[in-house]
Amino acid sequence: MANELDEVRGPVNEQGRDVNVIEKQIPVKVGVGSTIFEVLLWVFGIIPGVIFLFRKIKAKRELAQLQQKIQHSASQIDNYLEQRVQILQNAVGIVERSVALDKEVMTSVAAFRSGVRPTEENRSEVAGQLDTAMRSINIAFEAYPELKAHQSLADAMQQNSYLQREITAAREVYNDNVLRWNQDIFQWPAKMIVAAKAGYTTRIPFTASREVKEQARQKFF
């Protein structure tokens, strides 16, 4: 029997293929079969029914704990983003006294100063705005020798680089927890039945903005 996936003779796409995260939450649903399954357990005796009842209780507890873990992972990302906001504000204060910054950068900083904070809905958008603003500052930092001589700005740029790595790592942890959630809620019978009754849906992992993807395709050297 031939291999289903043959990397030597199989069809290939010479143009390559780009991928995107689908922005869709899939609800967990169970059919009549699951209801019949639960009823039959009690028909066969008290013990099977009680055993499965405890399994559902355990499943509910595990899913609740996993939700808290996901929230903790998201909170870590938000903490790092807020630290980047502080660094951005400090860096802008130094740069704007020396060179003219892009008006869009100043608008973003003004928004952050007014109290913009990352949430479940705008987390990716805030991260993208920070990336854009810090990139503009970095361009100015590289273009003006007098800025490179400013130790406070050099320290801020180094801290930003460190925080960006931490954000990347935190996103990996968040995505791992989201993946586990999306798998667990479809584990039949106990977890899937509990998830369906609770109205749970899949969660969407971290999504890179279109701007970031386009920049990743550019030539850097």
# chains A, B, ... in the order shown; residues from 1 in each chain; ligands from 1
call {"tool": "residues_around", "arguments": {"residues": "range 201-206 of chain A", "least_positions_apart": "4", "cutoff": "8 Å", "atoms": "only C-alpha atoms", "output": "list of chain:residue names"}}
result
A:Val21, A:Ile22, A:Glu23, A:Lys24, A:Gln25, A:Ile26, A:Pro27, A:Val28, A:Ser124, A:Arg171, A:Tyr174, A:Asn175, A:Val178, A:Leu179, A:Trp181, A:Asn182, A:Ile185, A:Ala195
call {"tool": "residues_around", "arguments": {"residues": "range 70-74 of chain A", "least_positions_apart": "4", "cutoff": "7 Å", "atoms": "only C-alpha atoms", "output": "JSON, numbers by chain"}}
result
{"A": [66, 78, 170, 173, 174, 177, 178]}
call {"tool": "atom_distance", "arguments": {"atom1": "CA of Leu63 in chain A", "atom2": "CA of Lys197 in chain A"}}
result
12.7 Å
call {"tool": "atom_distance", "arguments": {"atom1": "CA of Lys191 in chain A", "atom2": "CA of Arg61 in chain A"}}
result
9.9 Å
call {"tool": "select_by_dssp", "arguments": {"residues": "range 5-217 of chain A", "states": "helix (DSSP H, G or I)", "output": "number ranges by chain"}}
result
A: 32-43, 46-95, 103-113, 123-143, 145-148, 151-184, 190-198, 210-216
call {"tool": "write_last_selection", "arguments": {"atoms": "C-alpha atoms", "output": "tab-separated table (two decimals), in the first residue's frame"}}
result
chain	number	residue	atom	x	y	z
A	32	VAL	CA	-29.72	12.31	21.90
A	33	GLY	CA	-27.17	9.51	22.08
A	34	SER	CA	-25.47	11.15	25.06
A	35	THR	CA	-28.79	11.44	26.90
A	36	ILE	CA	-29.58	7.78	26.20
A	37	PHE	CA	-26.08	6.86	27.41
A	38	GLU	CA	-26.65	8.62	30.75
A	39	VAL	CA	-30.10	7.08	31.19
A	40	LEU	CA	-28.80	3.58	30.45
A	41	LEU	CA	-26.11	3.94	33.11
A	42	TRP	CA	-28.82	4.42	35.73
A	43	VAL	CA	-30.93	1.62	34.20
A	46	ILE	CA	-27.08	2.72	40.82
A	47	ILE	CA	-23.33	2.14	40.84
A	48	PRO	CA	-22.67	2.95	37.11
A	49	GLY	CA	-24.86	6.04	37.38
A	50	VAL	CA	-23.12	7.26	40.52
A	51	ILE	CA	-19.68	6.59	39.06
A	52	PHE	CA	-20.47	8.66	35.98
A	53	LEU	CA	-21.98	11.39	38.14
A	54	PHE	CA	-18.67	11.69	40.00
A	55	ARG	CA	-16.84	11.71	36.67
A	56	LYS	CA	-18.94	14.67	35.56
A	57	ILE	CA	-18.24	16.46	38.83
A	58	LYS	CA	-14.53	15.89	38.31
A	59	ALA	CA	-14.78	17.05	34.69
A	60	LYS	CA	-16.55	20.24	35.73
A	61	ARG	CA	-13.86	20.96	38.32
A	62	GLU	CA	-11.06	20.36	35.82
A	63	LEU	CA	-12.64	22.63	33.22
A	64	ALA	CA	-13.15	25.34	35.83
A	65	GLN	CA	-9.49	25.08	36.84
A	66	LEU	CA	-8.42	25.23	33.20
A	67	GLN	CA	-10.48	28.39	32.70
A	68	GLN	CA	-8.64	30.00	35.61
A	69	LYS	CA	-5.34	28.90	34.10
A	70	ILE	CA	-6.26	30.53	30.79
A	71	GLN	CA	-7.20	33.73	32.60
A	72	HIS	CA	-3.88	33.69	34.42
A	73	SER	CA	-2.02	33.26	31.12
A	74	ALA	CA	-3.95	36.15	29.57
A	75	SER	CA	-3.22	38.30	32.61
A	76	GLN	CA	0.52	37.68	32.22
A	77	ILE	CA	0.36	38.93	28.63
A	78	ASP	CA	-1.54	42.02	29.77
A	79	ASN	CA	1.02	42.74	32.48
A	80	TYR	CA	3.84	42.66	29.96
A	81	LEU	CA	1.86	44.86	27.56
A	82	GLU	CA	1.28	47.44	30.30
A	83	GLN	CA	5.00	47.44	31.06
A	84	ARG	CA	5.66	48.11	27.38
A	85	VAL	CA	3.22	51.02	27.55
A	86	GLN	CA	5.28	52.55	30.36
A	87	ILE	CA	8.50	52.04	28.43
A	88	LEU	CA	6.90	53.55	25.33
A	89	GLN	CA	5.81	56.64	27.24
A	90	ASN	CA	9.29	57.10	28.71
A	91	ALA	CA	10.95	56.59	25.32
A	92	VAL	CA	8.64	59.04	23.57
A	93	GLY	CA	9.35	61.65	26.23
A	94	ILE	CA	13.05	61.39	25.47
A	95	VAL	CA	12.78	61.21	21.68
A	103	LYS	CA	2.06	62.08	14.43
A	104	GLU	CA	0.50	58.60	14.58
A	105	VAL	CA	2.97	57.59	17.27
A	106	MET	CA	2.01	60.57	19.40
A	107	THR	CA	-1.69	59.75	18.93
A	108	SER	CA	-1.09	56.20	20.16
A	109	VAL	CA	0.88	57.38	23.17
A	110	ALA	CA	-1.85	59.90	24.03
A	111	ALA	CA	-4.40	57.07	23.93
A	112	PHE	CA	-2.30	54.95	26.28
A	113	ARG	CA	-1.88	57.89	28.63
A	123	ARG	CA	-5.48	42.63	23.46
A	124	SER	CA	-4.18	41.92	19.95
A	125	GLU	CA	-5.01	45.45	18.81
A	126	VAL	CA	-3.13	47.02	21.73
A	127	ALA	CA	-0.14	44.78	21.05
A	128	GLY	CA	-0.15	45.84	17.39
A	129	GLN	CA	-0.29	49.53	18.31
A	130	LEU	CA	2.63	49.09	20.69
A	131	ASP	CA	4.64	47.28	18.02
A	132	THR	CA	4.00	50.08	15.52
A	133	ALA	CA	4.88	52.84	17.98
A	134	MET	CA	8.04	51.13	19.24
A	135	ARG	CA	9.14	50.46	15.67
A	136	SER	CA	8.90	54.17	14.86
A	137	ILE	CA	10.94	54.99	17.95
A	138	ASN	CA	13.49	52.35	16.99
A	139	ILE	CA	13.83	53.89	13.51
A	140	ALA	CA	14.49	57.28	15.09
A	141	PHE	CA	16.90	55.66	17.55
A	142	GLU	CA	18.93	54.14	14.72
A	143	ALA	CA	18.82	57.25	12.54
A	145	PRO	CA	23.44	59.38	16.68
A	146	GLU	CA	22.58	61.77	19.49
A	147	LEU	CA	19.75	59.48	20.56
A	148	LYS	CA	22.06	56.47	20.68
A	151	GLN	CA	21.67	56.06	28.04
A	152	SER	CA	18.09	56.22	29.32
A	153	LEU	CA	16.70	55.66	25.82
A	154	ALA	CA	19.17	52.85	25.16
A	155	ASP	CA	18.03	51.20	28.40
A	156	ALA	CA	14.37	51.63	27.39
A	157	MET	CA	14.99	50.00	24.00
A	158	GLN	CA	16.76	47.10	25.70
A	159	GLN	CA	13.88	46.66	28.16
A	160	ASN	CA	11.41	46.72	25.27
A	161	SER	CA	13.34	43.98	23.50
A	162	TYR	CA	13.31	41.87	26.67
A	163	LEU	CA	9.58	42.41	27.21
A	164	GLN	CA	8.80	41.47	23.60
A	165	ARG	CA	10.50	38.10	24.16
A	166	GLU	CA	8.55	37.65	27.37
A	167	ILE	CA	5.29	38.47	25.57
A	168	THR	CA	6.10	35.90	22.89
A	169	ALA	CA	6.74	33.26	25.54
A	170	ALA	CA	3.55	34.21	27.43
A	171	ARG	CA	1.54	33.93	24.22
A	172	GLU	CA	2.91	30.41	23.70
A	173	VAL	CA	1.73	29.45	27.20
A	174	TYR	CA	-1.66	31.04	26.54
A	175	ASN	CA	-2.03	29.21	23.22
A	176	ASP	CA	-1.06	25.90	24.85
A	177	ASN	CA	-3.78	26.37	27.48
A	178	VAL	CA	-6.33	27.36	24.83
A	179	LEU	CA	-5.41	24.26	22.81
A	180	ARG	CA	-5.93	22.07	25.86
A	181	TRP	CA	-9.31	23.70	26.53
A	182	ASN	CA	-10.43	23.23	22.92
A	183	GLN	CA	-9.46	19.56	23.11
A	184	ASP	CA	-10.89	18.86	26.56
A	190	ALA	CA	-17.96	13.34	30.75
A	191	LYS	CA	-16.24	16.59	29.74
A	192	MET	CA	-18.19	17.01	26.53
A	193	ILE	CA	-21.55	16.52	28.27
A	194	VAL	CA	-20.58	18.96	31.03
A	195	ALA	CA	-19.30	21.51	28.48
A	196	ALA	CA	-22.47	21.25	26.39
A	197	LYS	CA	-24.75	21.75	29.40
A	198	ALA	CA	-22.66	24.74	30.52
A	210	ARG	CA	-2.18	41.63	9.21
A	211	GLU	CA	0.39	44.41	9.55
A	212	VAL	CA	2.74	42.16	11.53
A	213	LYS	CA	2.38	39.38	8.97
A	214	GLU	CA	3.16	41.75	6.12
A	215	GLN	CA	6.23	43.05	7.93
A	216	ALA	CA	7.44	39.49	8.52
call {"tool": "atom_distance", "arguments": {"atom1": "CA of Leu5 in chain A", "atom2": "CA of Trp188 in chain A"}}
result
29.4 Å
